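With CSV, C-alpha atoms inside, this is target27.csv:
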```
chain,number,residue,atom,x,y,z
A,8,MET,CA,144.5,88.8,130.8
A,9,LEU,CA,141.1,87.0,130.6
A,10,LEU,CA,139.4,90.2,131.6
A,11,ILE,CA,141.1,92.4,128.8
A,12,PRO,CA,138.7,91.2,126.0
A,13,VAL,CA,135.7,91.9,128.2
A,14,ALA,CA,136.9,95.4,129.0
A,15,VAL,CA,137.6,96.1,125.3
A,16,CYS,CA,134.1,94.8,124.3
A,17,ALA,CA,132.6,97.0,126.9
A,18,GLN,CA,134.1,100.1,125.3
A,19,ILE,CA,132.6,99.4,121.8
A,20,GLY,CA,129.0,100.5,121.1
A,21,GLU,CA,128.0,102.3,124.3
A,22,HIS,CA,124.2,102.6,124.2
A,23,ARG,CA,122.6,106.0,124.1
A,24,ASN,CA,118.9,107.0,124.3
A,25,ASP,CA,119.1,110.8,123.9
A,26,LEU,CA,116.3,112.7,122.3
A,27,ALA,CA,116.4,116.4,121.6
A,28,ILE,CA,114.1,118.8,119.8
A,29,GLY,CA,114.7,122.4,118.7
A,30,VAL,CA,114.6,125.1,116.1
A,31,ASN,CA,116.9,126.2,113.3
A,32,GLY,CA,117.4,129.2,111.1
A,33,GLY,CA,119.8,130.3,108.5
A,34,TYR,CA,120.7,131.8,105.1
A,35,VAL,CA,120.6,130.1,101.7
A,36,LEU,CA,122.5,130.9,98.5
A,37,ASN,CA,120.9,129.0,95.6
A,38,THR,CA,121.3,128.6,91.9
A,39,VAL,CA,119.4,126.4,89.4
A,40,GLU,CA,121.7,124.4,87.0
A,41,PHE,CA,120.0,124.9,83.7
A,42,SER,CA,120.9,123.2,80.4
A,43,PRO,CA,121.0,125.2,78.1
A,44,THR,CA,123.0,127.4,80.5
A,45,VAL,CA,121.5,130.5,82.1
A,46,SER,CA,124.1,132.9,83.6
A,47,GLN,CA,123.3,133.6,87.2
A,48,ASP,CA,124.3,135.2,90.5
A,49,PHE,CA,123.4,133.6,93.8
A,50,HIS,CA,119.7,133.9,94.8
A,51,GLU,CA,119.7,134.9,98.5
A,52,GLY,CA,117.0,133.6,100.8
A,53,LEU,CA,116.1,132.5,104.3
A,54,THR,CA,115.5,129.0,105.8
A,55,GLY,CA,114.1,127.9,109.2
A,56,GLY,CA,112.1,125.3,111.0
A,57,LEU,CA,112.0,122.5,113.5
A,58,SER,CA,114.8,120.1,114.3
A,59,VAL,CA,114.9,116.7,116.0
A,60,ARG,CA,117.9,114.5,116.9
A,61,TYR,CA,118.1,111.0,118.4
A,62,VAL,CA,121.5,109.8,119.7
A,63,CYS,CA,121.6,106.0,119.7
A,64,GLU,CA,125.3,105.0,120.3
A,65,LYS,CA,128.8,106.1,121.0
A,66,TYR,CA,131.1,103.9,119.0
A,67,PHE,CA,134.7,104.3,120.4
A,68,SER,CA,134.9,108.2,120.2
A,69,THR,CA,132.2,108.7,117.6
A,70,ILE,CA,128.8,109.9,118.7
A,71,CYS,CA,126.2,108.4,116.3
A,72,SER,CA,122.8,109.9,115.8
A,73,VAL,CA,120.0,110.6,113.4
A,74,GLN,CA,119.0,114.2,112.8
A,75,ALA,CA,116.0,115.5,110.8
A,76,GLU,CA,114.4,118.9,110.1
A,77,LEU,CA,111.1,120.3,108.9
A,78,ASN,CA,112.0,123.6,107.1
A,79,TYR,CA,110.6,126.4,105.1
A,80,SER,CA,113.2,127.6,102.6
A,81,GLN,CA,113.5,130.3,99.9
A,82,LEU,CA,115.2,129.0,96.8
A,83,GLY,CA,115.3,130.3,93.3
A,84,TRP,CA,117.7,132.0,90.8
A,85,LYS,CA,118.8,135.5,90.0
A,86,GLU,CA,119.9,136.1,86.4
A,87,GLU,CA,123.2,137.8,85.5
A,88,ILE,CA,122.1,139.8,82.4
A,89,LYS,CA,125.2,141.1,80.7
A,90,ASN,CA,126.3,142.3,77.3
A,91,PRO,CA,129.4,141.2,75.3
A,92,ASP,CA,131.5,143.8,77.0
A,93,ASP,CA,130.7,142.2,80.4
A,94,GLY,CA,128.5,145.2,81.4
A,95,PRO,CA,124.8,145.3,82.2
A,96,VAL,CA,122.2,145.1,79.5
A,97,ILE,CA,120.3,148.4,79.4
A,98,ASN,CA,116.6,148.3,78.5
A,99,SER,CA,116.0,150.7,75.6
A,100,PHE,CA,112.5,151.6,76.9
A,101,THR,CA,113.3,152.3,80.6
A,102,GLY,CA,117.0,153.1,80.4
A,103,GLU,CA,117.7,150.8,83.4
A,104,ALA,CA,119.9,147.8,83.7
A,105,GLU,CA,117.7,144.7,83.2
A,106,ARG,CA,117.2,142.5,86.3
A,107,TYR,CA,115.3,139.3,86.8
A,108,GLU,CA,114.9,137.1,90.0
A,109,ARG,CA,112.6,134.1,90.7
A,110,THR,CA,111.9,133.1,94.3
A,111,LEU,CA,110.6,129.5,95.0
A,112,ASN,CA,109.3,128.8,98.4
A,113,TYR,CA,109.8,125.2,99.6
A,114,PHE,CA,108.8,122.9,102.4
A,115,GLN,CA,111.9,120.7,102.9
A,116,VAL,CA,112.6,117.6,105.0
A,117,PRO,CA,116.3,116.5,105.3
A,118,VAL,CA,117.2,113.4,107.2
A,119,PHE,CA,120.9,113.0,108.2
A,120,ALA,CA,123.2,110.4,109.6
A,121,HIS,CA,125.0,112.6,112.1
A,122,LEU,CA,128.5,111.7,113.4
A,123,ALA,CA,130.3,113.8,116.1
A,124,TRP,CA,133.5,113.8,118.0
A,125,GLY,CA,134.2,115.6,121.2
A,126,ARG,CA,132.2,116.4,124.4
A,127,GLU,CA,128.6,115.2,124.7
A,128,GLN,CA,127.2,117.1,127.7
A,129,LYS,CA,129.4,120.1,128.4
A,130,GLY,CA,131.8,121.6,125.9
A,131,PHE,CA,132.5,121.5,122.2
A,132,ASN,CA,132.4,118.8,119.5
A,133,PHE,CA,132.7,118.9,115.7
A,134,PHE,CA,130.4,116.9,113.4
A,135,VAL,CA,129.7,115.9,109.9
A,136,GLN,CA,126.3,114.8,108.5
A,137,ALA,CA,124.8,113.6,105.2
A,138,GLY,CA,121.6,112.2,103.9
A,139,PRO,CA,118.6,112.5,101.6
A,140,GLN,CA,116.3,115.5,101.4
A,141,VAL,CA,112.9,115.9,99.9
A,142,GLY,CA,111.0,119.1,99.3
A,143,PHE,CA,107.8,120.5,97.8
A,144,CYS,CA,107.4,123.9,96.1
A,145,LEU,CA,104.6,125.8,97.9
A,146,SER,CA,104.6,129.0,95.8
A,147,GLU,CA,106.7,131.2,93.5
A,148,SER,CA,107.2,134.9,92.8
A,149,THR,CA,109.1,137.0,90.2
A,150,LYS,CA,110.9,140.3,90.4
A,151,LYS,CA,111.8,142.1,87.1
A,152,ASN,CA,112.1,145.6,85.8
A,153,PHE,CA,111.3,145.0,82.2
A,154,ASN,CA,108.5,143.9,79.9
A,155,PHE,CA,109.1,140.6,78.2
A,156,ASN,CA,108.0,142.1,74.9
A,157,GLN,CA,110.7,144.8,75.4
A,158,MET,CA,113.7,142.6,76.1
A,159,ASN,CA,116.9,143.5,74.4
A,160,LEU,CA,117.9,140.0,73.2
A,161,GLU,CA,120.4,141.3,70.8
A,162,GLY,CA,122.5,142.9,73.5
A,163,ARG,CA,122.5,139.8,75.8
A,164,VAL,CA,125.4,137.4,75.9
A,165,ASN,CA,123.0,134.7,77.1
A,166,LYS,CA,119.9,134.5,75.0
A,167,THR,CA,118.2,131.7,77.0
A,168,VAL,CA,115.0,133.4,78.3
A,169,ALA,CA,112.4,130.6,78.2
A,170,GLN,CA,112.6,130.2,82.0
A,171,ASP,CA,111.6,133.8,82.6
A,172,THR,CA,107.9,133.0,81.7
A,173,MET,CA,107.7,129.3,82.6
A,174,LYS,CA,106.1,128.4,85.9
A,175,VAL,CA,107.5,125.5,87.9
A,176,GLN,CA,106.3,122.3,86.3
A,177,LYS,CA,107.7,119.8,88.9
A,178,ARG,CA,107.0,120.9,92.4
A,179,PHE,CA,108.4,117.8,94.2
A,180,ASP,CA,112.1,118.0,94.7
A,181,TYR,CA,114.7,115.5,96.0
A,182,GLY,CA,118.4,115.3,96.4
A,183,ILE,CA,121.4,114.8,98.7
A,184,ALA,CA,122.6,117.2,101.4
A,185,LEU,CA,125.9,117.1,103.4
A,186,GLY,CA,127.4,119.4,105.9
A,187,GLY,CA,129.7,119.9,108.9
A,188,GLY,CA,130.2,122.2,111.8
A,189,MET,CA,130.7,122.7,115.5
A,190,GLU,CA,128.4,122.2,118.5
A,191,TYR,CA,128.5,123.6,122.0
A,192,SER,CA,126.6,121.8,124.8
A,193,HIS,CA,125.7,122.8,128.3
A,194,PRO,CA,123.4,120.9,130.6
A,195,LYS,CA,121.3,123.9,131.5
A,196,VAL,CA,120.9,125.7,128.2
A,197,GLY,CA,121.0,122.9,125.6
A,198,HIS,CA,123.0,122.4,122.4
A,199,PHE,CA,124.0,125.0,119.9
A,200,GLN,CA,125.1,124.0,116.4
A,201,VAL,CA,126.7,126.2,113.7
A,202,GLU,CA,126.8,124.4,110.3
A,203,ALA,CA,127.7,125.0,106.7
A,204,ARG,CA,125.8,122.7,104.3
A,205,TYR,CA,125.6,121.9,100.6
A,206,TYR,CA,122.6,120.5,98.8
A,207,TYR,CA,122.5,119.1,95.3
A,208,GLY,CA,119.1,118.5,93.8
A,209,LEU,CA,118.6,115.3,91.7
A,210,GLY,CA,115.2,116.4,90.5
A,211,ASN,CA,114.3,119.1,88.0
A,212,ILE,CA,111.8,122.0,88.3
A,213,TYR,CA,111.0,121.7,84.6
A,214,GLY,CA,110.4,118.8,82.3
A,215,SER,CA,113.5,117.2,80.9
A,216,SER,CA,112.3,115.0,78.1
A,217,LYS,CA,113.4,115.5,74.5
A,218,ARG,CA,110.2,117.5,73.9
A,219,ASP,CA,111.0,120.0,76.7
A,220,TYR,CA,113.2,123.1,76.5
A,221,PHE,CA,115.6,122.3,79.4
A,222,ALA,CA,117.5,119.0,79.7
A,223,LYS,CA,118.4,120.0,83.3
A,224,SER,CA,117.0,122.4,85.9
A,225,ASN,CA,118.0,121.3,89.4
A,226,HIS,CA,118.7,123.2,92.6
A,227,GLN,CA,122.2,123.7,94.1
A,228,SER,CA,122.3,125.3,97.6
A,229,ILE,CA,124.9,126.6,100.0
A,230,ILE,CA,123.4,126.9,103.5
A,231,VAL,CA,124.7,128.5,106.7
A,232,LYS,CA,122.6,127.5,109.7
A,233,LEU,CA,122.3,127.9,113.5
A,234,THR,CA,120.4,125.2,115.4
A,235,TRP,CA,119.4,125.1,119.1
A,236,PHE,CA,118.3,121.8,120.8
A,237,CYS,CA,116.9,121.1,124.2
A,238,ASP,CA,117.0,117.6,125.7
A,239,ILE,CA,113.9,115.6,126.1
A,240,LEU,CA,115.5,112.2,127.0
A,241,LYS,CA,119.0,111.8,128.4
A,242,THR,CA,121.1,108.7,129.1
A,243,ARG,CA,122.7,108.7,132.5
A,244,ARG,CA,126.5,108.7,132.2
A,245,ASP,CA,129.6,110.1,133.7
A,246,SER,CA,131.2,111.7,130.6
```
Output the file's structure as C-alpha cells, nothing else.
Amino acid sequence: MLLIPVAVCAQIGEHRNDLAIGVNGGYVLNTVEFSPTVSQDFHEGLTGGLSVRYVCEKYFSTICSVQAELNYSQLGWKEEIKNPDDGPVINSFTGEAERYERTLNYFQVPVFAHLAWGREQKGFNFFVQAGPQVGFCLSESTKKNFNFNQMNLEGRVNKTVAQDTMKVQKRFDYGIALGGGMEYSHPKVGHFQVEARYYYGLGNIYGSSKRDYFAKSNHQSIIVKLTWFCDILKTRRDS
C-alpha cells in the first residue's frame, strides 16, 4: 500500500526529450473581412515551409510538445462581383464578366502548443494544437479584367471598391491559429501529419482609424496541410 503513491507519481509527467524537424505543404482558402463589407469568394493559394517540434512530456496519456513553422503563404481575396439579379456584372466596354483578385505573399511564423493522444513511435495518434501566429507581407499582385475608369458601379450590388486600388498599408500581421488532425509514425520513415487549420487575423492590412476608409480588414484562413518530420533526438522508452 505504501508503494501505490510512488507508482502513481511515477506515471505522471514522464519526461521526453524528442526533437524533430521537417517540411510542410498545403492549400489555403483565404478571405479578408472588410468593413464596409466586400462580397468575396475564397482566394485560393499555396503554403509551405519548414517545421520543428519538441516533445517535452507525456502527462498521463497526453503527449505534450511545442511545434513551430517557418512558412511562405499566398493569401488575399477574390471579389464576388454580382448584379441585383445575383448574376455577374458585365463590363460594357469588354463584354466580359468583371473579375478581381488580389494575392498577398506572406512570410508566416506560427508557434503551437501541441497535444496528442495515441502511439508515439509506431502507429497513429490524433492531435489538436493552438497558438499565436505572426506574418509579414513580402509582395502583392492583382488580377483583373477591367479598367478602373470603366467599372460598372451602377450594376453592382456591392459598390465598395476602394480596396481595388489601395496597396497594403500594414505589412505586419498577427493572429491566432488552431487546428487538429492525425499523425502516423514509423521509426524508419518518420512522422506524417495531416491537419486542418483555421487562422483568424487580429491585425488589419489597411488603416482602421476614423480617418481611414475601412474599420476592419483582417485575414481569415482555412488551411489543409501535410507535414513530414524526421527525428533528431529521441528519448529511450519501451512504448
Taking into account only C-alpha atoms, which residue in the set A:His226, A:Arg23, A:His50, A:Arg60 is nearest to Thr110 (chain A)?
A:His50
Contacts of Val62 (chain A) at 12 Å (only C-alpha atoms; same-chain gap of 2+ positions) as a PyMOL selection string
chain A and resi 21-28+59-60+64-66+69-75+119-123+127+238-242
Compare A:Tyr107, A:Phe179, A:Trp124, A:Phe49 by their minimum atom-to-atom distance to Gln136 (chain A), counting all atoms listed in the file, and give me the closest one.
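Of all the options, A:Trp124 lies closest to Gln136 (chain A).
Within 12 Å of the file-frame point (126.3, 125.0, 129.8), and using only C-alpha atoms, the polymer residues found are Arg126, Glu127, Gln128, Lys129, Gly130, Phe131, Glu190, Tyr191, Ser192, His193, Pro194, Lys195, Val196, Gly197, His198, Phe199 and Cys237 of chain A.
The environment of Arg106 (chain A) within 8 Å, counting all atoms listed in the file and disregarding residues fewer than 6 places along the same chain, consists of Glu86, Glu87, Ile88, Lys150, Lys151, Asn152 and Phe153 of chain A.
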Nearest to Gly214 (chain A): which of A:Asn90, A:Ser68, A:Asn37, A:Ser42 is it, counting all atoms listed in the file?
A:Ser42
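The two atoms in question, CA of Ser224 (chain A) and CA of Val118 (chain A), are spaced 23.1 Å apart.
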The distance between CA of Val30 (chain A) and CA of Ile229 (chain A) is 19.2 Å
Neighbourhood query: residues within 7 Å of (122.3, 116.8, 93.7), file coordinates, counting all atoms listed in the file; return as a list in words.
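Counting all atoms listed in the file, I find these residues within 7 Å of (122.3, 116.8, 93.7): Gly182, Ile183, Tyr206, Tyr207, Gly208, Leu209 and Gln227 of chain A.
Here CA of Thr44 (chain A) and CA of Asn78 (chain A) stand 29.0 Å from one another.
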If we count only C-alpha atoms and set the cut-off at 7 Å, which residues sit around Gln81 (chain A), ignoring sequence neighbours fewer than 3 positions away in its own chain? Please answer as a PDB file with C-alpha atoms, in the coordinates of the input.
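Saved file result.pdb follows:
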```pdb
ATOM      1  CA  GLY A  52     117.000 133.600 100.800  1.00  0.00           C
ATOM      2  CA  LEU A  53     116.100 132.500 104.300  1.00  0.00           C
ATOM      3  CA  THR A  54     115.500 129.000 105.800  1.00  0.00           C
ATOM      4  CA  THR A 110     111.900 133.100  94.300  1.00  0.00           C
ATOM      5  CA  LEU A 111     110.600 129.500  95.000  1.00  0.00           C
ATOM      6  CA  ASN A 112     109.300 128.800  98.400  1.00  0.00           C
ATOM      7  CA  TYR A 113     109.800 125.200  99.600  1.00  0.00           C
TER       8      TYR A 113
END
```
Looking at A:Leu160, A:Met189, A:Val175, A:Ala169, which one is nearest to Glu105 (chain A), with distances taken over only C-alpha atoms?
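Once distances to Glu105 (chain A) are computed over only C-alpha atoms, the minimum belongs to A:Leu160.
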If I only have part of region 179-190 of chain A, can you fill in all heavy atoms and write it as a compact mmCIF listing (two decimals), keeping the file's coordinate frame?
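Writing done, so here's rebuild03.txt:
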```txt
# COMPACT_ATOMS: atom_id res chain seq x y z
N PHE A 179 107.69 118.69 93.24
CA PHE A 179 108.40 117.80 94.20
C PHE A 179 109.88 117.79 93.83
O PHE A 179 110.28 117.67 92.67
CB PHE A 179 107.83 116.37 94.03
CG PHE A 179 108.53 115.38 94.93
CD1 PHE A 179 108.31 115.38 96.29
CD2 PHE A 179 109.42 114.46 94.39
CE1 PHE A 179 108.95 114.46 97.11
CE2 PHE A 179 110.07 113.54 95.21
CZ PHE A 179 109.83 113.54 96.58
N ASP A 180 110.69 117.95 94.87
CA ASP A 180 112.10 118.00 94.70
C ASP A 180 112.79 116.98 95.62
O ASP A 180 112.29 116.68 96.71
CB ASP A 180 112.65 119.41 95.05
CG ASP A 180 114.16 119.54 94.88
OD1 ASP A 180 114.64 119.30 93.76
OD2 ASP A 180 114.84 119.87 95.87
N TYR A 181 113.92 116.43 95.18
CA TYR A 181 114.70 115.50 96.00
C TYR A 181 116.15 115.59 95.66
O TYR A 181 116.52 116.00 94.55
CB TYR A 181 114.18 114.05 95.80
CG TYR A 181 114.35 113.54 94.38
CD1 TYR A 181 115.46 112.77 94.02
CD2 TYR A 181 113.41 113.84 93.39
CE1 TYR A 181 115.62 112.32 92.72
CE2 TYR A 181 113.56 113.39 92.10
CZ TYR A 181 114.67 112.63 91.77
OH TYR A 181 114.83 112.19 90.48
N GLY A 182 116.99 115.24 96.64
CA GLY A 182 118.40 115.30 96.40
C GLY A 182 119.21 114.86 97.60
O GLY A 182 118.69 114.16 98.48
N ILE A 183 120.47 115.27 97.65
CA ILE A 183 121.40 114.80 98.70
C ILE A 183 122.00 116.08 99.36
O ILE A 183 122.40 117.02 98.67
CB ILE A 183 122.52 113.97 98.11
CG1 ILE A 183 121.93 112.70 97.47
CG2 ILE A 183 123.53 113.58 99.19
CD1 ILE A 183 122.95 111.87 96.72
N ALA A 184 122.06 116.06 100.68
CA ALA A 184 122.60 117.20 101.40
C ALA A 184 123.76 116.65 102.32
O ALA A 184 123.70 115.52 102.84
CB ALA A 184 121.58 117.85 102.30
N LEU A 185 124.80 117.45 102.49
CA LEU A 185 125.90 117.10 103.40
C LEU A 185 126.43 118.38 104.01
O LEU A 185 126.38 119.46 103.41
CB LEU A 185 126.98 116.32 102.69
CG LEU A 185 127.66 116.93 101.48
CD1 LEU A 185 128.90 117.72 101.90
CD2 LEU A 185 128.06 115.86 100.49
N GLY A 186 126.94 118.25 105.24
CA GLY A 186 127.40 119.40 105.90
C GLY A 186 128.34 119.08 107.08
O GLY A 186 128.59 117.90 107.37
N GLY A 187 128.81 120.11 107.74
CA GLY A 187 129.70 119.90 108.90
C GLY A 187 129.74 121.20 109.70
O GLY A 187 129.40 122.28 109.21
N GLY A 188 130.15 121.06 110.96
CA GLY A 188 130.20 122.20 111.80
C GLY A 188 130.63 121.93 113.22
O GLY A 188 131.20 120.87 113.50
N MET A 189 130.31 122.85 114.12
CA MET A 189 130.70 122.70 115.50
C MET A 189 129.41 122.79 116.38
O MET A 189 128.42 123.42 116.01
CB MET A 189 131.60 123.89 115.92
CG MET A 189 132.94 123.91 115.23
SD MET A 189 134.06 122.62 115.81
CE MET A 189 134.33 123.16 117.51
N GLU A 190 129.49 122.14 117.53
CA GLU A 190 128.40 122.20 118.50
C GLU A 190 128.90 122.46 119.89
O GLU A 190 129.92 121.90 120.30
CB GLU A 190 127.64 120.83 118.48
CG GLU A 190 126.51 120.76 119.49
CD GLU A 190 125.73 119.46 119.42
OE1 GLU A 190 125.50 118.96 118.30
OE2 GLU A 190 125.35 118.94 120.49
```
